[in-house]
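Text of input-v4.txt, listed as compact mmCIF, C-alpha atoms:
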# COMPACT_ATOMS: atom_id res chain seq x y z
CA MET P 1 103.63 83.62 102.81
CA ASP P 2 103.88 85.99 99.87
CA VAL P 3 103.85 84.87 96.28
CA ASN P 4 104.43 86.67 93.01
CA VAL P 5 101.71 86.12 90.48
CA ILE P 6 102.35 86.73 86.80
CA ILE P 7 99.48 86.92 84.37
CA PHE P 8 99.34 86.36 80.63
CA GLY P 9 97.12 86.78 77.58
CA LYS P 10 93.45 87.47 77.95
CA LEU P 11 93.63 87.23 81.75
CA ILE P 12 95.48 90.57 81.87
CA ASP P 13 92.28 92.21 80.62
CA ILE P 14 90.59 90.95 83.79
CA THR P 15 93.29 91.67 86.36
CA GLY P 16 94.36 94.94 84.73
CA SER P 17 97.98 94.08 85.44
CA SER P 18 100.52 91.48 84.37
CA SER P 19 101.97 90.96 87.84
CA LEU P 20 100.90 91.25 91.43
CA THR P 21 101.78 90.03 94.90
CA VAL P 22 99.44 87.96 97.04
CA ASN P 23 100.02 87.67 100.78
CA ASN P 24 99.14 84.97 103.27
CA VAL P 25 98.56 81.98 101.04
CA THR P 26 99.83 78.49 101.72
CA ASP P 27 98.82 76.58 98.60
CA THR P 28 97.65 77.08 95.04
CA ALA P 29 93.98 76.36 95.82
CA GLN P 30 93.99 79.15 98.39
CA LEU P 31 95.77 81.45 95.98
CA ASN P 32 93.24 80.71 93.26
CA GLU P 33 90.37 81.41 95.63
CA GLN P 34 91.88 84.76 96.66
CA LEU P 35 92.45 85.73 93.05
CA ARG P 36 88.90 84.81 92.09
CA ASN P 37 87.52 86.82 94.98
CA ARG P 38 89.57 89.79 93.96
CA PHE P 39 88.88 89.39 90.22
CA PRO P 40 85.50 87.62 89.85
CA GLY P 41 85.88 87.74 86.04
CA LEU P 42 88.65 85.11 86.25
CA SER P 43 86.14 82.31 86.87
CA ALA P 44 84.71 82.81 83.37
CA TYR P 45 87.95 81.88 81.60
CA PRO P 46 89.96 78.67 81.44
CA TYR P 47 93.54 78.78 82.67
CA ILE P 48 96.15 76.58 84.25
CA MET P 49 98.77 77.48 86.83
CA ALA P 50 102.53 77.01 86.82
CA VAL P 51 104.64 77.20 89.98
CA GLU P 52 108.24 78.13 89.19
CA LYS P 53 107.57 77.35 85.51
CA GLU P 54 106.19 73.86 86.23
CA ILE P 55 102.56 73.27 85.36
CA ILE P 56 100.65 71.92 88.34
CA HIS P 57 97.74 69.48 88.14
CA VAL P 58 96.85 69.23 91.82
CA ASN P 59 96.77 71.60 94.77
CA THR P 60 100.39 72.47 95.50
CA LEU P 61 102.06 73.89 98.59
CA LEU P 62 103.69 77.26 98.06
CA GLN P 63 106.92 78.63 99.43
CA ASN P 64 107.67 82.22 100.24
CA ASN P 65 108.46 84.23 97.11
CA ASN P 66 107.36 81.52 94.71
CA THR P 67 106.36 82.76 91.27
CA VAL P 68 103.01 81.47 90.12
CA ALA P 69 101.89 82.02 86.52
CA LEU P 70 98.30 82.08 85.30
CA LEU P 71 98.29 80.63 81.79
CA PRO P 72 95.25 80.85 79.51
CA PRO P 73 95.11 78.50 76.48
CA TYR P 74 98.23 78.91 74.32
CA ALA P 75 98.04 80.50 70.90
CA GLY P 76 101.55 80.49 69.47
CA GLY P 77 102.55 79.85 65.88
CA MET D 1 119.65 66.05 82.74
CA LYS D 2 122.57 68.43 82.76
CA GLU D 3 121.93 72.10 83.44
CA ARG D 4 122.39 74.36 80.46
CA LYS D 5 120.95 77.56 79.17
CA PRO D 6 118.10 76.82 76.75
CA LYS D 7 118.57 78.08 73.22
CA ASN D 8 116.65 81.27 72.48
CA ILE D 9 113.90 80.95 69.88
CA PHE D 10 112.37 84.41 70.16
CA VAL D 11 112.94 87.27 67.76
CA GLN D 12 111.51 90.75 68.11
CA GLY D 13 109.28 91.54 65.16
CA ALA D 14 108.65 89.66 61.95
CA ILE D 15 111.04 87.03 60.56
CA ALA D 16 112.63 88.50 57.42
CA SER D 17 112.81 86.41 54.26
CA SER D 18 116.52 87.37 54.04
CA PHE D 19 117.06 85.75 57.47
CA ILE D 20 115.41 82.56 56.19
CA ALA D 21 117.52 82.63 53.02
CA ASP D 22 120.72 83.11 55.05
CA SER D 23 119.72 80.26 57.29
CA ILE D 24 119.37 77.94 54.30
CA GLN D 25 122.68 79.15 52.85
CA LYS D 26 124.51 78.39 56.11
CA HIS D 27 123.70 74.70 55.72
CA SER D 28 125.63 74.31 52.46
CA SER D 29 128.74 73.33 54.41
CA LYS D 30 126.87 70.47 56.11
CA THR D 31 127.12 68.08 53.21
CA GLY D 32 125.77 65.08 55.11
CA ILE D 33 122.33 66.67 54.82
CA GLY D 34 120.14 65.45 51.99
CA GLY D 35 116.82 67.06 52.88
CA HIS D 36 115.49 70.17 54.59
CA SER D 37 111.92 70.67 55.69
CA ILE D 38 110.79 74.19 56.45
CA PHE D 39 107.54 75.43 57.95
CA LEU D 40 106.71 79.13 57.87
CA GLY D 41 103.80 80.53 59.84
CA GLN D 42 102.29 83.70 58.38
CA VAL D 43 99.92 86.13 60.10
CA ARG D 44 96.54 85.64 58.46
CA ALA D 45 94.12 88.53 57.88
CA ASP D 46 91.14 86.64 59.31
CA ILE D 47 87.72 88.25 58.95
CA ILE D 48 85.86 88.02 62.25
CA GLU D 49 82.38 89.50 62.43
CA GLU D 50 83.12 91.63 59.39
CA LYS D 51 86.33 93.00 60.87
CA LYS D 52 89.69 92.21 59.36
CA VAL D 53 92.75 91.26 61.43
CA SER D 54 95.57 93.68 60.60
CA SER D 55 98.26 92.34 62.95
CA ILE D 56 98.96 89.99 65.84
CA GLU D 57 100.89 91.02 68.91
CA TYR D 58 102.72 88.02 70.36
CA THR D 59 103.73 87.72 74.00
CA ALA D 60 105.19 84.75 75.84
CA TYR D 61 106.23 83.46 79.22
CA GLU D 62 109.69 83.41 77.73
CA GLU D 63 111.66 81.50 80.36
CA MET D 64 109.08 78.74 80.56
CA ALA D 65 108.69 78.58 76.78
CA LEU D 66 112.45 78.21 76.26
CA GLN D 67 112.66 75.43 78.83
CA LYS D 68 109.73 73.64 77.21
CA MET D 69 111.16 74.08 73.70
CA ASP D 70 114.40 72.58 74.94
CA SER D 71 112.66 69.43 76.09
CA ILE D 72 110.63 69.21 72.84
CA ARG D 73 113.90 69.53 70.92
CA GLU D 74 115.42 66.69 72.96
CA ASP D 75 112.42 64.45 72.26
CA ILE D 76 112.55 65.21 68.54
CA PHE D 77 116.27 64.47 68.32
CA GLU D 78 115.72 61.20 70.14
CA LYS D 79 112.95 60.18 67.78
CA TYR D 80 114.37 61.24 64.40
CA PRO D 81 117.88 61.04 62.91
CA LEU D 82 118.26 64.80 62.42
CA ALA D 83 121.32 66.80 61.49
CA CYS D 84 119.81 69.97 62.96
CA LEU D 85 116.62 71.67 64.01
CA HIS D 86 116.08 75.42 64.22
CA VAL D 87 113.03 77.20 65.62
CA TYR D 88 112.26 80.94 65.60
CA HIS D 89 109.10 82.59 66.88
CA SER D 90 108.25 86.28 66.73
CA LEU D 91 107.36 88.48 69.66
CA GLY D 92 105.75 91.89 69.38
CA ASN D 93 103.45 93.23 66.73
CA ILE D 94 103.48 91.33 63.41
CA ALA D 95 101.47 92.63 60.45
CA ALA D 96 99.20 90.37 58.39
CA GLY D 97 101.25 88.76 55.64
CA GLU D 98 104.47 88.69 57.64
CA ILE D 99 106.23 85.56 58.91
CA CYS D 100 105.94 84.86 62.65
CA LEU D 101 107.19 81.26 62.88
CA PHE D 102 110.14 79.53 61.17
CA VAL D 103 110.84 75.84 61.80
CA PHE D 104 113.74 74.28 59.92
CA ALA D 105 114.57 70.55 60.19
CA SER D 106 117.43 68.92 58.29
CA SER D 107 118.39 65.29 57.88
CA ALA D 108 120.26 62.92 55.60
CA HIS D 109 116.94 61.84 54.08
CA ARG D 110 113.63 63.61 53.52
CA LYS D 111 111.27 61.51 55.64
CA ALA D 112 112.92 62.29 58.96
CA ALA D 113 113.17 66.00 58.11
CA ILE D 114 109.51 66.25 57.07
CA ASP D 115 108.16 64.28 60.03
CA ALA D 116 110.36 66.07 62.57
CA CYS D 117 109.37 69.47 61.19
CA GLU D 118 105.67 68.64 61.38
CA GLU D 119 105.88 67.20 64.87
CA THR D 120 107.86 70.19 66.13
CA VAL D 121 105.27 72.63 64.75
CA GLU D 122 102.37 70.69 66.28
CA ARG D 123 104.07 70.39 69.64
CA LEU D 124 105.20 73.98 69.93
CA LYS D 125 101.72 75.26 69.07
CA ALA D 126 100.24 73.07 71.79
CA GLU D 127 102.91 73.31 74.47
CA LEU D 128 104.64 76.69 74.40
CA PRO D 129 103.17 79.46 76.58
CA ILE D 130 102.72 82.03 73.82
CA TRP D 131 99.71 84.26 73.24
CA GLY D 132 98.52 86.40 70.35
CA LYS D 133 96.43 89.53 70.50
CA GLU D 134 94.70 89.99 67.15
CA PHE D 135 94.28 93.64 66.28
CA PHE D 136 91.62 94.66 63.81
CA GLU D 137 91.84 97.54 61.37
CA ASP D 138 89.75 99.72 63.73
CA ALA D 139 92.29 99.14 66.58
CA SER D 140 89.92 96.90 68.57
CA TYR D 141 91.28 93.45 69.42
CA GLN D 142 90.55 89.91 70.49
CA TRP D 143 92.78 87.17 71.89
CA LYS D 144 93.73 84.55 69.35
CA GLU D 145 92.68 80.94 69.91
CA ASN D 146 94.55 78.08 68.27
CA LYS D 147 92.44 75.64 66.29
Do you think you could lay out the structure here as structure tokens?
Amino acid sequence: MDVNVIIFGKLIDITGSSSLTVNNVTDTAQLNEQLRNRFPGLSAYPYIMAVEKEIIHVNTLLQNNNTVALLPPYAGG
Amino acid sequence: MKERKPKNIFVQGAIASSFIADSIQKHSSKTGIGGHSIFLGQVRADIIEEKKVSSIEYTAYEEMALQKMDSIREDIFEKYPLACLHVYHSLGNIAAGEICLFVFASSAHRKAAIDACEETVERLKAELPIWGKEFFEDASYQWKENK
């Protein structure tokens, strides 16, 4: 299935874009692997993932057209 | 939990001191309030490797941040006897010396206002998906990290 990936903060410097579509992924582990293959620089930075605005802590099944966000450490305030 | 639209906290650009003054003035009709506690975050001109920060450009995952702020607000209201709690955070480019965060807690008595204000600031810094790009005077930049 296809998922929309949105990217924030420092990670945009690595992906060169704040959003992209990834095809043929079934879960977040697979998505992460594809992203790291495509953008090897990602492995050097800490980030967490959110599926439909919910932070995930374990590998999570994806549904078609889910939005997955890559969130580097927060720096508000 | 009932579905409702989370309250917006984001403002484009710096938070004007006149906005803060108006905000205080508006509370004069709420005469049950005996204490306000206000926290203002200001963009600091940090010196990093001999370069001075001239501004911070804030971006956020807005929808997620507003949802999260809503649940923080609920927790804070459950924990402290507050009359009201207002939070504003800047987006966009904010020059050093300008205000980028305004947290305003009000209660009948000071302790609840002070504690709620502090806890809200700590939680929003840790839990809201907001990022800052620190621009130096020579237009180079680095991504801000919260300490």
Task: Straight-line distance linking CA of Leu62 in chain P with CA of Leu124 in chain D, stated in Å to one decimal - done: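 Here the two named atoms are 28.4 Å from each other.
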Pairwise distance, CA of Asn24 in chain P with CA of Glu54 in chain P, equals 21.5 Å
Residue with the minimum atom-to-atom distance to chain P, picked from D:Ser29, D:Gln67, D:Ser37, D:Ser23 with all atoms listed in the file counted, is D:Gln67
task: Residues of chain P near chain D: apply a cut-off of 10 Å, count only C-alpha atoms, and supply the list as a list in words.
output: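 The complete set of qualifying residues is Ile6, Ile7, Phe8, Gly9, Lys10, Leu11, Ala50, Glu52, Lys53, Glu54, Ile55, Ala69, Leu71, Pro72, Pro73, Tyr74, Ala75, Gly76 and Gly77 of chain P.
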Close residues, Glu33 in chain P itself excluded, 12 Å, all atoms listed in the file, min 6 positions apart in chain, as a ChimeraX atom specification:
/P:22,25-27,39-40,42-43,59
From CA of Ile56 in chain D to CA of Ala16 in chain D the spacing works out at 16.1 Å
Counting only C-alpha atoms, which residue out of D:Gly35, D:Ala139, D:Gly97, D:Asp75 sits closest to Ile114 in chain D?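 Under the stated criterion, the closest residue is D:Gly35.
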Distance query 7 Å from (112.4, 80.2, 54.3) using all atoms listed in the file, result as a PDB file with C-alpha atoms, in the frame of the given file:
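Printed below is selection-v9.pdb as written:
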ATOM      1  CA  SER D  17     112.810  86.410  54.260  1.00  0.00           C
ATOM      2  CA  ILE D  20     115.410  82.560  56.190  1.00  0.00           C
ATOM      3  CA  ALA D  21     117.520  82.630  53.020  1.00  0.00           C
ATOM      4  CA  ILE D  38     110.790  74.190  56.450  1.00  0.00           C
ATOM      5  CA  LEU D  40     106.710  79.130  57.870  1.00  0.00           C
TER       6      LEU D  40
END
Quiz item: Pick the closest to Phe136 in chain D from D:Ala95, D:Gly13, D:Lys7, D:Gln25: which is it, counting all atoms listed in the file?
Solution: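 Ranking D:Ala95, D:Gly13, D:Lys7, D:Gln25 by distance to Phe136 in chain D, first place goes to D:Ala95.
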